[in-house]
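Asks: Contents of structure10.cif (mmCIF, N, CA and C atoms):
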data_query
loop_
_atom_site.label_atom_id
_atom_site.label_comp_id
_atom_site.auth_asym_id
_atom_site.auth_seq_id
_atom_site.Cartn_x
_atom_site.Cartn_y
_atom_site.Cartn_z
N MET U 28 81.07 88.08 -105.05
CA MET U 28 79.64 87.82 -105.10
C MET U 28 79.22 87.81 -106.56
N SER U 29 78.46 86.77 -106.95
CA SER U 29 78.01 86.66 -108.33
C SER U 29 76.92 87.69 -108.61
N ASN U 30 76.70 87.92 -109.88
CA ASN U 30 75.68 88.88 -110.29
C ASN U 30 74.29 88.43 -109.86
N SER U 31 74.00 87.11 -109.96
CA SER U 31 72.68 86.63 -109.55
C SER U 31 72.46 86.79 -108.05
N THR U 32 73.52 86.58 -107.26
CA THR U 32 73.43 86.78 -105.81
C THR U 32 73.20 88.25 -105.49
N SER U 33 73.88 89.11 -106.21
CA SER U 33 73.72 90.55 -106.03
C SER U 33 72.29 90.98 -106.36
N ASN U 34 71.73 90.45 -107.45
CA ASN U 34 70.36 90.78 -107.84
C ASN U 34 69.37 90.32 -106.78
N LEU U 35 69.59 89.13 -106.22
CA LEU U 35 68.70 88.60 -105.18
C LEU U 35 68.73 89.50 -103.95
N ASN U 36 69.92 89.96 -103.55
CA ASN U 36 70.03 90.84 -102.39
C ASN U 36 69.25 92.13 -102.60
N VAL U 37 69.30 92.69 -103.79
CA VAL U 37 68.57 93.93 -104.09
C VAL U 37 67.07 93.68 -103.99
N ILE U 38 66.59 92.57 -104.54
CA ILE U 38 65.16 92.26 -104.49
C ILE U 38 64.72 92.06 -103.06
N GLN U 39 65.51 91.36 -102.25
CA GLN U 39 65.13 91.14 -100.86
C GLN U 39 65.09 92.44 -100.09
N GLU U 40 66.01 93.36 -100.37
CA GLU U 40 66.01 94.64 -99.67
C GLU U 40 64.80 95.48 -100.06
N GLN U 41 64.36 95.37 -101.31
CA GLN U 41 63.23 96.16 -101.79
C GLN U 41 61.90 95.51 -101.42
N SER U 42 61.94 94.26 -101.04
CA SER U 42 60.72 93.52 -100.74
C SER U 42 60.02 94.13 -99.54
N GLY U 43 58.70 94.16 -99.61
CA GLY U 43 57.93 94.71 -98.51
C GLY U 43 57.38 93.65 -97.58
N ILE U 44 57.94 92.44 -97.64
CA ILE U 44 57.42 91.38 -96.78
C ILE U 44 58.11 91.38 -95.43
N CYS U 45 57.47 90.77 -94.47
CA CYS U 45 57.99 90.70 -93.10
C CYS U 45 59.30 89.91 -93.04
N ARG U 46 60.21 90.34 -92.23
CA ARG U 46 61.49 89.67 -92.08
C ARG U 46 61.36 88.31 -91.41
N ARG U 47 60.23 88.03 -90.81
CA ARG U 47 60.04 86.76 -90.11
C ARG U 47 59.36 85.69 -90.96
N LEU U 48 59.03 86.00 -92.21
CA LEU U 48 58.40 85.04 -93.10
C LEU U 48 59.46 84.20 -93.79
N ARG U 49 59.23 82.88 -93.86
CA ARG U 49 60.17 81.97 -94.51
C ARG U 49 59.44 80.91 -95.31
N THR U 50 60.19 80.32 -96.26
CA THR U 50 59.79 79.14 -97.02
C THR U 50 61.07 78.41 -97.38
N LYS U 51 60.98 77.16 -97.75
CA LYS U 51 62.19 76.40 -98.07
C LYS U 51 62.99 77.07 -99.18
N THR U 52 62.34 77.66 -100.15
CA THR U 52 63.06 78.28 -101.25
C THR U 52 63.71 79.61 -100.87
N SER U 53 63.47 80.11 -99.68
CA SER U 53 64.12 81.35 -99.26
C SER U 53 65.61 81.12 -98.98
N PHE U 54 66.00 79.87 -98.88
CA PHE U 54 67.40 79.54 -98.60
C PHE U 54 68.18 79.22 -99.85
N GLY U 55 67.55 79.28 -101.00
CA GLY U 55 68.24 79.05 -102.26
C GLY U 55 67.31 78.48 -103.31
N SER U 56 67.64 78.76 -104.56
CA SER U 56 66.87 78.24 -105.67
C SER U 56 67.81 78.14 -106.86
N PHE U 57 67.29 77.72 -107.98
CA PHE U 57 68.11 77.59 -109.16
C PHE U 57 68.64 78.94 -109.60
N ILE U 58 69.91 78.97 -109.96
CA ILE U 58 70.51 80.21 -110.46
C ILE U 58 69.83 80.57 -111.77
N GLY U 59 69.48 81.80 -111.91
CA GLY U 59 68.83 82.27 -113.12
C GLY U 59 67.31 82.15 -113.09
N SER U 60 66.78 81.72 -111.97
CA SER U 60 65.33 81.59 -111.86
C SER U 60 64.69 82.97 -112.04
N ALA U 61 63.60 82.99 -112.78
CA ALA U 61 62.94 84.27 -113.06
C ALA U 61 62.04 84.73 -111.93
N THR U 62 61.75 83.84 -110.98
CA THR U 62 60.87 84.21 -109.88
C THR U 62 61.59 84.07 -108.55
N PHE U 63 61.14 84.79 -107.58
CA PHE U 63 61.71 84.76 -106.25
C PHE U 63 60.61 84.42 -105.25
N TRP U 64 60.96 83.81 -104.16
CA TRP U 64 59.97 83.37 -103.19
C TRP U 64 59.14 84.52 -102.64
N GLU U 65 59.71 85.72 -102.60
CA GLU U 65 59.00 86.87 -102.07
C GLU U 65 57.79 87.25 -102.90
N ASP U 66 57.76 86.81 -104.16
CA ASP U 66 56.62 87.12 -105.03
C ASP U 66 55.35 86.42 -104.57
N GLY U 67 55.50 85.28 -103.89
CA GLY U 67 54.34 84.53 -103.43
C GLY U 67 53.57 83.87 -104.55
N GLU U 68 54.22 83.64 -105.68
CA GLU U 68 53.52 83.10 -106.85
C GLU U 68 53.63 81.58 -106.97
N SER U 69 54.39 80.92 -106.12
CA SER U 69 54.52 79.47 -106.19
C SER U 69 53.22 78.79 -105.78
N THR U 70 52.87 77.74 -106.50
CA THR U 70 51.67 76.98 -106.16
C THR U 70 51.97 75.84 -105.19
N THR U 71 53.26 75.62 -104.90
CA THR U 71 53.64 74.51 -104.02
C THR U 71 54.39 74.94 -102.77
N ALA U 72 54.74 76.20 -102.65
CA ALA U 72 55.51 76.67 -101.50
C ALA U 72 54.69 76.64 -100.22
N VAL U 73 55.35 76.30 -99.14
CA VAL U 73 54.74 76.34 -97.81
C VAL U 73 55.47 77.42 -97.02
N TYR U 74 54.74 78.37 -96.50
CA TYR U 74 55.32 79.50 -95.77
C TYR U 74 55.09 79.33 -94.29
N TRP U 75 56.01 79.87 -93.48
CA TRP U 75 55.84 79.86 -92.03
C TRP U 75 56.40 81.12 -91.42
N CYS U 76 55.95 81.41 -90.23
CA CYS U 76 56.38 82.58 -89.47
C CYS U 76 57.45 82.12 -88.47
N LEU U 77 58.55 82.84 -88.40
CA LEU U 77 59.60 82.49 -87.45
C LEU U 77 59.20 82.73 -86.00
N ASP U 78 58.23 83.59 -85.77
CA ASP U 78 57.75 83.82 -84.40
C ASP U 78 56.97 82.64 -83.87
N THR U 79 56.10 82.09 -84.71
CA THR U 79 55.23 80.99 -84.27
C THR U 79 55.72 79.63 -84.74
N MET U 80 56.61 79.62 -85.73
CA MET U 80 57.08 78.39 -86.39
C MET U 80 55.91 77.60 -86.96
N GLY U 81 54.89 78.31 -87.35
CA GLY U 81 53.71 77.68 -87.94
C GLY U 81 53.24 78.44 -89.17
N SER U 82 52.17 77.98 -89.76
CA SER U 82 51.65 78.58 -90.98
C SER U 82 50.83 79.85 -90.73
N ALA U 83 50.69 80.22 -89.48
CA ALA U 83 50.01 81.47 -89.12
C ALA U 83 50.95 82.32 -88.27
N GLY U 84 50.77 83.62 -88.35
CA GLY U 84 51.58 84.53 -87.54
C GLY U 84 51.00 84.69 -86.14
N PRO U 85 51.61 85.54 -85.33
CA PRO U 85 51.13 85.78 -83.96
C PRO U 85 49.71 86.31 -83.89
N ASP U 86 49.25 86.88 -85.00
CA ASP U 86 47.88 87.42 -85.05
C ASP U 86 46.88 86.39 -85.58
N ASP U 87 47.31 85.13 -85.72
CA ASP U 87 46.48 84.02 -86.21
C ASP U 87 46.05 84.17 -87.66
N GLN U 88 46.70 85.02 -88.41
CA GLN U 88 46.44 85.16 -89.85
C GLN U 88 47.48 84.35 -90.61
N ILE U 89 47.13 83.88 -91.80
CA ILE U 89 47.99 83.03 -92.61
C ILE U 89 49.32 83.72 -92.94
N ALA U 90 50.39 82.94 -92.90
CA ALA U 90 51.72 83.43 -93.26
C ALA U 90 51.93 83.23 -94.75
N HIS U 91 51.99 84.32 -95.49
CA HIS U 91 52.15 84.29 -96.95
C HIS U 91 52.66 85.66 -97.38
N PRO U 92 53.51 85.72 -98.42
CA PRO U 92 54.04 87.01 -98.86
C PRO U 92 52.97 88.05 -99.19
N HIS U 93 51.81 87.62 -99.65
CA HIS U 93 50.75 88.58 -99.96
C HIS U 93 50.09 89.13 -98.69
N ASN U 94 50.25 88.45 -97.58
CA ASN U 94 49.63 88.88 -96.32
C ASN U 94 50.62 89.52 -95.36
N CYS U 95 51.86 89.07 -95.35
CA CYS U 95 52.86 89.52 -94.37
C CYS U 95 53.55 90.80 -94.87
N GLN U 96 52.79 91.87 -94.85
CA GLN U 96 53.25 93.15 -95.38
C GLN U 96 53.03 94.25 -94.36
N SER U 97 53.56 95.41 -94.68
CA SER U 97 53.39 96.58 -93.82
C SER U 97 51.92 96.81 -93.56
N GLY U 98 51.60 97.16 -92.33
CA GLY U 98 50.22 97.38 -91.93
C GLY U 98 49.69 96.24 -91.07
N ARG U 99 50.31 95.09 -91.17
CA ARG U 99 49.92 93.97 -90.31
C ARG U 99 50.56 94.19 -88.95
N GLU U 100 49.83 93.96 -87.90
CA GLU U 100 50.29 94.27 -86.53
C GLU U 100 51.64 93.63 -86.19
N CYS U 101 51.90 92.42 -86.64
CA CYS U 101 53.12 91.71 -86.28
C CYS U 101 54.25 91.93 -87.29
N PHE U 102 54.05 92.76 -88.32
CA PHE U 102 55.04 93.01 -89.37
C PHE U 102 56.33 93.61 -88.81
N ARG U 103 57.46 93.10 -89.32
CA ARG U 103 58.79 93.64 -88.96
C ARG U 103 59.55 93.92 -90.24
N THR U 104 60.17 95.10 -90.34
CA THR U 104 60.94 95.46 -91.53
C THR U 104 62.21 94.64 -91.61
N ARG U 105 62.86 94.66 -92.76
CA ARG U 105 64.06 93.86 -93.01
C ARG U 105 65.36 94.57 -92.61
N ASP U 106 65.30 95.67 -91.94
CA ASP U 106 66.55 96.36 -91.55
C ASP U 106 67.05 95.98 -90.20
#
Once you've parsed the file, please lay out its structure as structure tokens.
Replies:
Amino acid sequence: MSNSTSNLNVIQEQSGICRRLRTKTSFGSFIGSATFWEDGESTTAVYWCLDTMGSAGPDDQIAHPHNCQSGRECFRTRD
């Protein structure tokens, strides 16, 4: 496993976002990129919930890393 892959795994484990949140960049990005999709800082990323397969979660709230966090009724941990 490369060092960049190892770093990504650590960030994903520490991330407080729901395990059901996805975006196209969650499946890979440029090696050495300073940002990760979990940050929610992209201005072009489209996020979706794996439960609904839409841009809103089961609670009809927007699917985004800033919203899909602990405390939300539909939130699921990454373990």
Asks: So what do you get for atom C of U:Arg47 versus atom CA of U:Gly98, distance-wise?
Replies: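 These atoms are spaced 14.9 Å apart.
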Asks: Excluding stretch 84-89 of chain U and its own-chain neighbours fewer than 6 positions away, which residues fall within 8 Å of it when counting all atoms listed in the file? Please give them as a list in words.
Replies: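 Those residues are Tyr74, Trp75, Cys76, Leu77, Asp78, Cys95, Glu100 and Cys101 of chain U.
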Asks: Go through the shown structure with the PyMOL selection byres ((chain U and resi 106) around 8) and write out the matching residues as a list in words.
Replies: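 Selection result, ordered by chain and number: Glu40, Arg46, Arg103, Thr104 and Arg105 of chain U.
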Asks: Of the candidates U:Ala72, U:Arg99, U:Ala83, U:His91, which shows the shortest atom-to-atom distance to U:Lys51, using all atoms listed in the file?
Replies: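 Once distances to U:Lys51 are computed over all atoms listed in the file, the minimum belongs to U:Ala72.
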Asks: Tell me, in Å to one decimal, how far atom CA of U:Ser97 is from atom C of U:Thr71.
Replies: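 Separation between atom CA of U:Ser97 and atom C of U:Thr71: 23.4 Å.
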Asks: Of the candidates U:Met80, U:Thr70, U:Ile44, U:Thr50, which one gets nearest to U:Gln96 if we count only N, CA and C atoms?
Replies: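 That would be U:Ile44, the residue with the smallest distance to U:Gln96.
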Asks: What does the distance between atom CA of U:Cys45 and atom CA of U:Glu68 come to in Å, to one decimal place?
Replies: 16.3 Å
